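Asker: Right, I'll just put the structure down here and ask away after.
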Amino acid sequence: MSFWKKFNDMDRRWVYLMVAVTVIIPFLIPMKFPVSVSPEARNFFNAVDSLPDSSVVMLVFDYYPSTIAECEPMAIAGAYHLFKKHCKIITLSNIPYGGPSMAESVTRRIAAELGKEYGKDFVNLGYKYGYVSVLKGMGVSIESIFPTDNRGTPLSELPLMNTVKNYEQVKFVFEIADNATADYWVSIVNAGYGVPMGVGCTAVMAPKFYAFYGAGQIVGLLGGMKGAAEYEILLEKPGTAFRGMDIQSLVHFLIIGLVIMGNIGYFVTKRGKRKTL
Amino acid sequence: MTVAFFLNEKTPYVGDTSNVLLDWLIIIGGFTLLLGVVSILRVSAQAIQRKKEGWPFKIATIASVLVMAIPSLLPVSWSPLFGRFEGSIYDWVFVNLQAPMMATMFATLAFYIASAAFRAFRARTAEATLLLLTATIVMFWRVPIGEAFLNLFPGDLPYFINKFIMNGANLAVQRGIIIGAALGAAALSLRIILGIERTYMGRG
Amino acid sequence: MNLGRRILTSKSFATLALSFSLLSEAALAQEEFSVFRSDRINALITVTLFSAAVLLYTRWAKQGKPLFLRKIAGLDAVEEAVGRATEMGRPVLYIPGIDDLDQIDTIAGISILGRVAQITAQYETPLMVPVRYPLVLAAGQELVEQAYILAGKKEQYDRDTVRYVAGEQFSFTATVSGYMMRERPATNIYMGAFFAESLLLAETGNAAGSIQIAGTARPEQLPFFIAACDYTLMGEELYAASAYLSHEPIMMGGLKGQDLMKIIIIVLIIMGVVLASFGWGESGTVFKSWFQAV
């Protein structure tokens, strides 16, 4: 059997092994490839940067723990940027599997670093079932949907929430999602109430959101780990996403190499078959 | 709800009724979460009782549900191990077991996409060749070293890819699919509301 | 329309008009504001036009007017794929999506399950339907039982055909992947809402040697299904599947109404492209304002 036939019929586990080795190498030999910034990420950053100080912003944790590698760096960078601008952050989640826990962990960590106070500078509303009802209900009254915060404290006892009744007081929505809830934020909150928003999503979902970005429904887009790395670069605070770009670069090259060689093998074996016939 | 969408929220009865319905939806939805927990406990208990295939794993399932649910429902005032916040059993299990396991399963996608790309991206037809070329170019564009490679060629290729592929062809196609899917969903919803479509209820 | 229905319709309109005027009076008594949201009139016109188109074509279909539907290869292949499973003596795996019953994709998936279950009942092919939510379990069990009854094979119906597997996305995926590698179903059919697990399921099915037919309205999952499955239904083809498989004129009428709406949207897009290409001008600005949300 020729080399190319063997290559094309290769057991897929060899491919898995190649991917595993390619992922491990940058952990041992960090490469720090320079990351350029896309217009979508730059517009997102500029939109947040141009918010007046003390603006109320919703930072939404709509991602599952499975996509923590792509989405958490965005959340960390977003929380850091908003706190640096002295914005007041309201976090919430439409995901029952750990959304509020992740919101607590990220915001409290960054808040402690920057000296922000819970209840005054940020509030975690937690999770409520039925994202369509939640999003529509918050347009009338946030308190009617979330009478207490994630820890059971009534909203009336939180100074920040005394100034925020519904979307009219919210200046920006920083949505981080790995599922369809981002579509509902755009179609209900942005289209229905005119609240400007930016979306950070997994790389798989990013192509879809170019449609919303092109229509001006979202001011910026962070697509996957690259988008998170771009935001970190703009913030001048490289983090886990920036470090992850080394691995992503090498794996992409591996896949491209396999595709090219697979096609060479395909054409060589096809020509071989024709000659035989 | 449909009528309320076109009327002012301050309209008497309409706005209030709409808000009440939204609250009902949330409350009823909460019960369906409970239904899921009851269902998995019932199915697992039956499987253990009848010694069905894989029944030891059902014991692990029930144990997992109880270990996470019971401490999280107990008041924090009884012990810092209870409740759902930092330092509790629930939080420890979530951060140290559930989140890494979910992330691991998601990470296996990297292996699967490599093998799928290796197997499926063949220039068999003109369309397949176009798909293959576009995918390769976008994969180059999406990583720093790939962008550096593209910059070796004359012209601003990364800009071209962003403007004409991502914000051009991709945007147009995504819009088409989104519009089509939205119309399909709306038509199906209308058929269900009017009782024309009843196949999901088991009636032809 | 008979006299009774005419009277009922005009009575309904009169009641609606009276309610609106009473509401307006009550509203104006409190403070001055407009009851009707004039900024959403474009949405109202769209909804009215769309509903009228769907209902009109449904009515014509009921009256026996022939309606053409283009071929959808994936749906034509379903019966052939089930036949393959029967010949090989292996089961058919059907996944009606991994979302809950309140999502329209799941309803579409469940509707197609009914048709597929009828075919498997006819051919006496084992069917396995893993689900992620209890409500989908209940709907699926009733549907499959009904299908077996319609095929005259009630005694062959097994309640465990539709089974609740796991509530969590990747637990579900791991269990179904394990089943695929052990049982090696000849045919895998994925119809409904799928997320990150789409590629995991499709690649595992491919490794197990199954013929795979997928359908989803999630654009981000389509590339994975197209790469890994033999047939893929894209977007609205999933919602059309129930009507396509049943060949019932009433349901096909709804599809035609939807197509009319699409033609209207295409014409408006072309108008917009022409106006934007040659400079918007005053008429272009008015045209743009028709489509403002909020």
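Lettering and numbering for the structure tokens are positional, with chains as A, B, ... in the shown order, residues counted from 1 in each chain, and ligands counted from 1 in the shown order.
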Distance table requested - chain C against chain A, cut-off 12 Å, only C-alpha atoms: one row per qualifying residue with the closest atom pair and its distance in Å to one decimal, ordered by chain and rising residue number, as a tab-separated table.
Answerer:
residue	atom	partner	partner_atom	distance
C:Arg37	CA	A:Gly192	CA	11.7
C:Asp39	CA	A:Gly192	CA	10.3
C:Arg40	CA	A:Gly192	CA	9.4
C:Ala43	CA	A:Gly192	CA	11.3
C:Asp99	CA	A:Ala180	CA	11.0
C:Asp100	CA	A:Gly130	CA	11.3
C:Asp102	CA	A:Gly130	CA	10.1
C:Gln103	CA	A:Ala180	CA	11.2
C:Gly167	CA	A:Tyr97	CA	10.7
C:Glu168	CA	A:Tyr97	CA	8.7
C:Gln169	CA	A:Ser66	CA	9.7
C:Phe170	CA	A:Ser66	CA	8.8
C:Ser171	CA	A:Ser66	CA	11.8
C:Ala193	CA	A:Ala180	CA	10.2
C:Phe194	CA	A:Asn179	CA	10.0
C:Phe195	CA	A:Asn179	CA	7.4
C:Ala196	CA	A:Val204	CA	8.6
C:Glu197	CA	A:Ser66	CA	11.0
C:Ser198	CA	A:Val204	CA	11.7
C:Leu199	CA	A:Val204	CA	11.4
C:Glu203	CA	A:Arg12	CA	10.6
C:Thr204	CA	A:Arg12	CA	11.2
C:Asn206	CA	A:Arg12	CA	11.4
C:Ala207	CA	A:Arg12	CA	9.0
C:Ala217	CA	A:Ala180	CA	11.3
C:Arg218	CA	A:Ala180	CA	8.6
C:Pro219	CA	A:Lys208	CA	6.9
C:Glu220	CA	A:Met205	CA	5.4
C:Gln221	CA	A:Val204	CA	7.9
C:Leu222	CA	A:Val204	CA	10.4
C:Pro223	CA	A:Val204	CA	9.5
C:Phe224	CA	A:Val204	CA	9.9
C:Phe291	CA	A:Ala191	CA	11.3
C:Gln292	CA	A:Ala191	CA	8.8
C:Ala293	CA	A:Ala191	CA	5.4
C:Val294	CA	A:Gly192	CA	5.2
Asker: Residues of the last selection are to be written out with N, CA and C atoms, as a short mmCIF file (atom, residue, chain, number, x, y, z; two decimals), in the first residue's frame.
Answerer:
data_model
loop_
_atom_site.label_atom_id
_atom_site.label_comp_id
_atom_site.auth_asym_id
_atom_site.auth_seq_id
_atom_site.Cartn_x
_atom_site.Cartn_y
_atom_site.Cartn_z
N ARG C 37 -48.57 51.56 20.15
CA ARG C 37 -47.16 51.92 19.94
C ARG C 37 -46.92 52.08 18.44
N ASP C 39 -44.38 53.15 17.01
CA ASP C 39 -43.02 52.80 16.57
C ASP C 39 -42.92 51.33 16.19
N ARG C 40 -43.94 50.55 16.53
CA ARG C 40 -43.91 49.12 16.19
C ARG C 40 -44.89 48.78 15.08
N ALA C 43 -43.67 46.20 12.58
CA ALA C 43 -43.78 44.81 13.05
C ALA C 43 -45.22 44.32 12.91
N ASP C 99 -32.78 20.33 23.44
CA ASP C 99 -33.41 21.44 24.14
C ASP C 99 -34.80 21.00 24.63
N ASP C 100 -35.42 21.87 25.40
CA ASP C 100 -36.68 21.51 26.04
C ASP C 100 -37.86 21.66 25.09
N ASP C 102 -40.34 23.52 25.10
CA ASP C 102 -40.87 24.85 24.81
C ASP C 102 -40.15 25.53 23.64
N GLN C 103 -39.13 24.88 23.11
CA GLN C 103 -38.41 25.43 21.96
C GLN C 103 -39.01 24.88 20.67
N GLY C 167 -29.63 15.02 32.29
CA GLY C 167 -30.08 16.40 32.15
C GLY C 167 -28.99 17.34 31.67
N GLU C 168 -27.74 16.91 31.81
CA GLU C 168 -26.65 17.80 31.47
C GLU C 168 -26.14 17.48 30.06
N GLN C 169 -25.77 18.51 29.35
CA GLN C 169 -25.44 18.41 27.92
C GLN C 169 -24.39 17.34 27.64
N PHE C 170 -23.24 17.42 28.33
CA PHE C 170 -22.16 16.50 27.99
C PHE C 170 -22.34 15.13 28.64
N SER C 171 -23.09 15.06 29.71
CA SER C 171 -23.44 13.74 30.26
C SER C 171 -24.29 13.01 29.24
N ALA C 193 -32.70 21.02 18.08
CA ALA C 193 -31.72 22.00 18.53
C ALA C 193 -30.48 21.30 19.05
N PHE C 194 -29.33 21.65 18.51
CA PHE C 194 -28.08 21.07 18.96
C PHE C 194 -27.09 22.18 19.25
N PHE C 195 -26.17 21.91 20.13
CA PHE C 195 -25.16 22.90 20.49
C PHE C 195 -23.79 22.28 20.32
N ALA C 196 -22.91 22.47 21.27
CA ALA C 196 -21.52 22.05 21.08
C ALA C 196 -21.37 20.55 20.84
N GLU C 197 -22.35 19.76 21.30
CA GLU C 197 -22.19 18.31 21.19
C GLU C 197 -22.46 17.79 19.79
N SER C 198 -22.86 18.66 18.87
CA SER C 198 -23.24 18.21 17.53
C SER C 198 -22.09 17.46 16.86
N LEU C 199 -20.88 18.02 16.93
CA LEU C 199 -19.74 17.38 16.27
C LEU C 199 -19.34 16.10 17.01
N GLU C 203 -19.34 12.81 14.79
CA GLU C 203 -18.07 12.12 14.55
C GLU C 203 -18.11 10.71 15.14
N THR C 204 -18.70 10.57 16.31
CA THR C 204 -18.81 9.24 16.92
C THR C 204 -19.68 8.35 16.04
N ASN C 206 -20.07 8.60 12.89
CA ASN C 206 -19.26 8.28 11.70
C ASN C 206 -18.29 7.16 12.00
N ALA C 207 -17.65 7.24 13.18
CA ALA C 207 -16.70 6.20 13.57
C ALA C 207 -17.40 4.85 13.73
N ALA C 217 -31.75 24.21 13.04
CA ALA C 217 -31.92 25.60 12.63
C ALA C 217 -30.85 26.49 13.25
N ARG C 218 -29.88 25.86 13.94
CA ARG C 218 -28.81 26.65 14.57
C ARG C 218 -27.70 26.83 13.54
N PRO C 219 -27.49 28.00 12.98
CA PRO C 219 -26.50 28.17 11.91
C PRO C 219 -25.08 27.78 12.35
N GLU C 220 -24.77 27.97 13.64
CA GLU C 220 -23.40 27.69 14.08
C GLU C 220 -23.09 26.19 14.11
N GLN C 221 -24.11 25.35 14.15
CA GLN C 221 -23.87 23.90 14.17
C GLN C 221 -23.94 23.27 12.79
N LEU C 222 -24.46 24.01 11.83
CA LEU C 222 -24.60 23.45 10.48
C LEU C 222 -23.26 23.00 9.88
N PRO C 223 -22.18 23.77 10.00
CA PRO C 223 -20.92 23.31 9.38
C PRO C 223 -20.48 21.94 9.91
N PHE C 224 -20.70 21.70 11.20
CA PHE C 224 -20.27 20.41 11.77
C PHE C 224 -21.10 19.26 11.21
N PHE C 291 -37.87 50.31 8.54
CA PHE C 291 -37.38 49.06 9.12
C PHE C 291 -36.65 49.28 10.44
N GLN C 292 -36.83 50.46 11.04
CA GLN C 292 -36.19 50.70 12.33
C GLN C 292 -36.90 49.87 13.39
N ALA C 293 -36.10 49.22 14.26
CA ALA C 293 -36.70 48.54 15.43
C ALA C 293 -36.88 49.63 16.47
N VAL C 294 -37.40 49.40 17.58
CA VAL C 294 -37.63 50.38 18.69
C VAL C 294 -38.41 51.60 18.23
#
Asker: Quick one: DSSP strand (DSSP E) residues in region 215-264 of chain C, as a PyMOL selection string?
Answerer: chain C and resi 215-216+231-234
Asker: Record the distance separating CA of Ile196 (chain B) and CA of Ile250 (chain C), expressed in Å with one decimal.
Answerer: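 CA of Ile250 (chain C) lies at a distance of 7.3 Å from CA of Ile196 (chain B).
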Asker: Which one is closest to chain A: B:Phe118, B:Trp141, B:Phe57, B:Phe160? Count only C-alpha atoms.
Answerer: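 Checking each of B:Phe118, B:Trp141, B:Phe57, B:Phe160 against chain A, counting only C-alpha atoms, the winner is B:Phe118.
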Asker: Report as a PyMOL selection string all protein, DNA and RNA residues lying within 10 Å of Val3 (chain B), evaluated on only C-alpha atoms, omitting residues in the same chain fewer than 2 positions from it.
Answerer: (chain B and resi 1+5-7+14+18) or (chain C and resi 44)
Asker: Go ahead and save the picked residues with N, CA and C atoms, as a PDB file, in the first residue's frame.
Answerer:
ATOM      1  N   MET B   1     -49.884  38.183  25.049  1.00  0.00           N
ATOM      2  CA  MET B   1     -48.512  38.686  24.979  1.00  0.00           C
ATOM      3  C   MET B   1     -48.259  39.344  23.611  1.00  0.00           C
ATOM      4  N   PHE B   5     -47.441  43.415  22.969  1.00  0.00           N
ATOM      5  CA  PHE B   5     -46.242  43.893  22.293  1.00  0.00           C
ATOM      6  C   PHE B   5     -46.519  45.181  21.534  1.00  0.00           C
ATOM      7  N   PHE B   6     -47.755  45.314  21.010  1.00  0.00           N
ATOM      8  CA  PHE B   6     -48.063  46.482  20.183  1.00  0.00           C
ATOM      9  C   PHE B   6     -48.738  47.596  20.958  1.00  0.00           C
ATOM     10  N   LEU B   7     -48.975  47.364  22.244  1.00  0.00           N
ATOM     11  CA  LEU B   7     -49.617  48.393  23.047  1.00  0.00           C
ATOM     12  C   LEU B   7     -48.639  48.952  24.070  1.00  0.00           C
ATOM     13  N   VAL B  14     -53.533  45.821  30.260  1.00  0.00           N
ATOM     14  CA  VAL B  14     -52.637  45.146  29.306  1.00  0.00           C
ATOM     15  C   VAL B  14     -51.252  44.963  29.906  1.00  0.00           C
ATOM     16  N   SER B  18     -49.782  41.418  31.248  1.00  0.00           N
ATOM     17  CA  SER B  18     -48.550  40.930  30.609  1.00  0.00           C
ATOM     18  C   SER B  18     -47.494  40.614  31.660  1.00  0.00           C
TER      19      SER B  18
ATOM     20  N   LEU C  44     -46.182  45.183  13.201  1.00  0.00           N
ATOM     21  CA  LEU C  44     -47.601  44.802  13.103  1.00  0.00           C
ATOM     22  C   LEU C  44     -47.972  44.467  11.669  1.00  0.00           C
TER      23      LEU C  44
END
Asker: Would you please work out which residue, of A:Ile256, A:Ile142, A:Ala79, A:Ile264, is nearest to Glu175 (chain A) when using only C-alpha atoms?
Answerer: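 Ranking A:Ile256, A:Ile142, A:Ala79, A:Ile264 by distance to Glu175 (chain A), first place goes to A:Ala79.
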Asker: Taking 2 positions as the minimum chain separation for residues in the same chain, which residues sit within 10 Å of Gly78 (chain A) when counting only C-alpha atoms? Answer as a PyMOL selection string.
Answerer: chain A and resi 45+48+59+72-76+80-84+107+174-176+200+228+231-232+235
Asker: Mind dumping the selected residues with N, CA and C atoms as a PDB file, in the first residue's frame?
Answerer:
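Contents of result_18.pdb, as written:
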ATOM      1  N   PHE A  45     -14.177  47.608  22.489  1.00  0.00           N
ATOM      2  CA  PHE A  45     -13.362  48.254  23.526  1.00  0.00           C
ATOM      3  C   PHE A  45     -13.671  49.749  23.594  1.00  0.00           C
ATOM      4  N   VAL A  48     -17.000  50.604  25.249  1.00  0.00           N
ATOM      5  CA  VAL A  48     -16.943  50.531  26.719  1.00  0.00           C
ATOM      6  C   VAL A  48     -16.115  51.697  27.259  1.00  0.00           C
ATOM      7  N   LEU A  59     -23.319  43.117  33.071  1.00  0.00           N
ATOM      8  CA  LEU A  59     -22.312  42.154  32.625  1.00  0.00           C
ATOM      9  C   LEU A  59     -22.950  40.781  32.766  1.00  0.00           C
ATOM     10  N   GLU A  72     -14.353  32.905  29.928  1.00  0.00           N
ATOM     11  CA  GLU A  72     -13.963  33.549  31.194  1.00  0.00           C
ATOM     12  C   GLU A  72     -12.932  34.661  31.002  1.00  0.00           C
ATOM     13  N   PRO A  73     -11.924  34.482  30.105  1.00  0.00           N
ATOM     14  CA  PRO A  73     -11.011  35.614  29.879  1.00  0.00           C
ATOM     15  C   PRO A  73     -11.736  36.879  29.435  1.00  0.00           C
ATOM     16  N   MET A  74     -12.818  36.739  28.654  1.00  0.00           N
ATOM     17  CA  MET A  74     -13.600  37.913  28.235  1.00  0.00           C
ATOM     18  C   MET A  74     -14.268  38.544  29.453  1.00  0.00           C
ATOM     19  N   ALA A  75     -14.826  37.682  30.305  1.00  0.00           N
ATOM     20  CA  ALA A  75     -15.524  38.174  31.498  1.00  0.00           C
ATOM     21  C   ALA A  75     -14.549  38.905  32.414  1.00  0.00           C
ATOM     22  N   ILE A  76     -13.370  38.325  32.602  1.00  0.00           N
ATOM     23  CA  ILE A  76     -12.359  38.941  33.471  1.00  0.00           C
ATOM     24  C   ILE A  76     -11.918  40.284  32.892  1.00  0.00           C
ATOM     25  N   TYR A  80     -12.730  43.911  34.579  1.00  0.00           N
ATOM     26  CA  TYR A  80     -11.575  44.769  34.897  1.00  0.00           C
ATOM     27  C   TYR A  80     -11.731  46.139  34.244  1.00  0.00           C
ATOM     28  N   HIS A  81     -12.077  46.131  32.944  1.00  0.00           N
ATOM     29  CA  HIS A  81     -12.236  47.386  32.208  1.00  0.00           C
ATOM     30  C   HIS A  81     -13.347  48.239  32.822  1.00  0.00           C
ATOM     31  N   LEU A  82     -14.477  47.608  33.126  1.00  0.00           N
ATOM     32  CA  LEU A  82     -15.623  48.355  33.659  1.00  0.00           C
ATOM     33  C   LEU A  82     -15.312  48.924  35.042  1.00  0.00           C
ATOM     34  N   PHE A  83     -14.647  48.129  35.873  1.00  0.00           N
ATOM     35  CA  PHE A  83     -14.303  48.630  37.207  1.00  0.00           C
ATOM     36  C   PHE A  83     -13.294  49.767  37.121  1.00  0.00           C
ATOM     37  N   LYS A  84     -12.338  49.644  36.180  1.00  0.00           N
ATOM     38  CA  LYS A  84     -11.337  50.709  36.017  1.00  0.00           C
ATOM     39  C   LYS A  84     -12.000  52.025  35.617  1.00  0.00           C
ATOM     40  N   THR A 107     -16.326  38.516  39.528  1.00  0.00           N
ATOM     41  CA  THR A 107     -16.505  39.907  39.969  1.00  0.00           C
ATOM     42  C   THR A 107     -15.887  40.135  41.350  1.00  0.00           C
ATOM     43  N   PHE A 174     -22.950  44.077  28.428  1.00  0.00           N
ATOM     44  CA  PHE A 174     -21.748  43.338  28.029  1.00  0.00           C
ATOM     45  C   PHE A 174     -22.130  41.871  28.152  1.00  0.00           C
ATOM     46  N   GLU A 175     -22.546  41.308  27.028  1.00  0.00           N
ATOM     47  CA  GLU A 175     -23.092  39.957  27.049  1.00  0.00           C
ATOM     48  C   GLU A 175     -22.010  38.952  26.666  1.00  0.00           C
ATOM     49  N   ILE A 176     -21.815  37.928  27.507  1.00  0.00           N
ATOM     50  CA  ILE A 176     -20.863  36.868  27.182  1.00  0.00           C
ATOM     51  C   ILE A 176     -21.657  35.570  27.163  1.00  0.00           C
ATOM     52  N   GLY A 200     -19.683  38.929  23.485  1.00  0.00           N
ATOM     53  CA  GLY A 200     -18.511  38.062  23.471  1.00  0.00           C
ATOM     54  C   GLY A 200     -19.037  36.646  23.388  1.00  0.00           C
ATOM     55  N   ALA A 228     -10.996  37.351  23.000  1.00  0.00           N
ATOM     56  CA  ALA A 228     -10.615  37.641  24.384  1.00  0.00           C
ATOM     57  C   ALA A 228      -9.177  38.151  24.440  1.00  0.00           C
ATOM     58  N   TYR A 231      -9.001  41.748  23.370  1.00  0.00           N
ATOM     59  CA  TYR A 231      -9.469  42.665  24.425  1.00  0.00           C
ATOM     60  C   TYR A 231      -8.399  42.825  25.487  1.00  0.00           C
ATOM     61  N   GLU A 232      -7.719  41.713  25.823  1.00  0.00           N
ATOM     62  CA  GLU A 232      -6.635  41.777  26.829  1.00  0.00           C
ATOM     63  C   GLU A 232      -5.507  42.680  26.342  1.00  0.00           C
ATOM     64  N   LEU A 235      -6.492  46.232  26.642  1.00  0.00           N
ATOM     65  CA  LEU A 235      -6.473  46.626  28.047  1.00  0.00           C
ATOM     66  C   LEU A 235      -5.060  46.707  28.593  1.00  0.00           C
TER      67      LEU A 235
END
Asker: Excluding region 265-274 of chain A and its own-chain neighbours fewer than 5 positions away, which residues fall within 10 Å of it when counting only C-alpha atoms? Please give them as an NGL selection string.
Answerer: (:A and (2-9 or 259-260)) or (:B and (122-124))
Asker: Can you pull out every residue from region 63-243 of chain A that DSSP, working from the backbone, puts in helix (DSSP H, G or I), and format the result as number ranges by chain?
Answerer: A: 65-84, 99-114, 131-140, 142-145, 155-157, 159-162, 167-169, 181-193, 206-214, 224-235, 240-243
Asker: Using only C-alpha atoms, find which residues of chain C lie within 7 Å of chain B and jot them down as a ChimeraX atom specification.
Answerer: /C:23,26-27,34-37,40,104,107,110-111,114,133-134,139,142-143,146,170,200,203,217,219,227-228,235-236,239,254,258
Asker: Which is closer to Glu86 (chain B) than all the others in A:Met161, A:Met18, A:Met102, A:Val195, using only C-alpha atoms?
Answerer: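 The closest residue to Glu86 (chain B) is A:Met102.
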Asker: Restricting the calculation to only C-alpha atoms: of A:Ala103, A:Ile255, A:Val37, A:Leu114, which residue gets closest to chain B?
Answerer: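 With only C-alpha atoms as the atom set, the closest residue is A:Ile255.
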Asker: CA of Met128 (chain C) and CA of Tyr94 (chain C) are how many Å apart?
Answerer: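 Separation of CA of Met128 (chain C) and CA of Tyr94 (chain C): 6.2 Å.
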Asker: Identify, on the basis of only C-alpha atoms, every residue whose closest approach to Phe44 (chain A) does not exceed 9 Å; exclude the query and any residue fewer than 2 positions from it along the same chain; express the result as a ChimeraX atom specification.
Answerer: /A:39-42,46-49,197-199,218-222,231
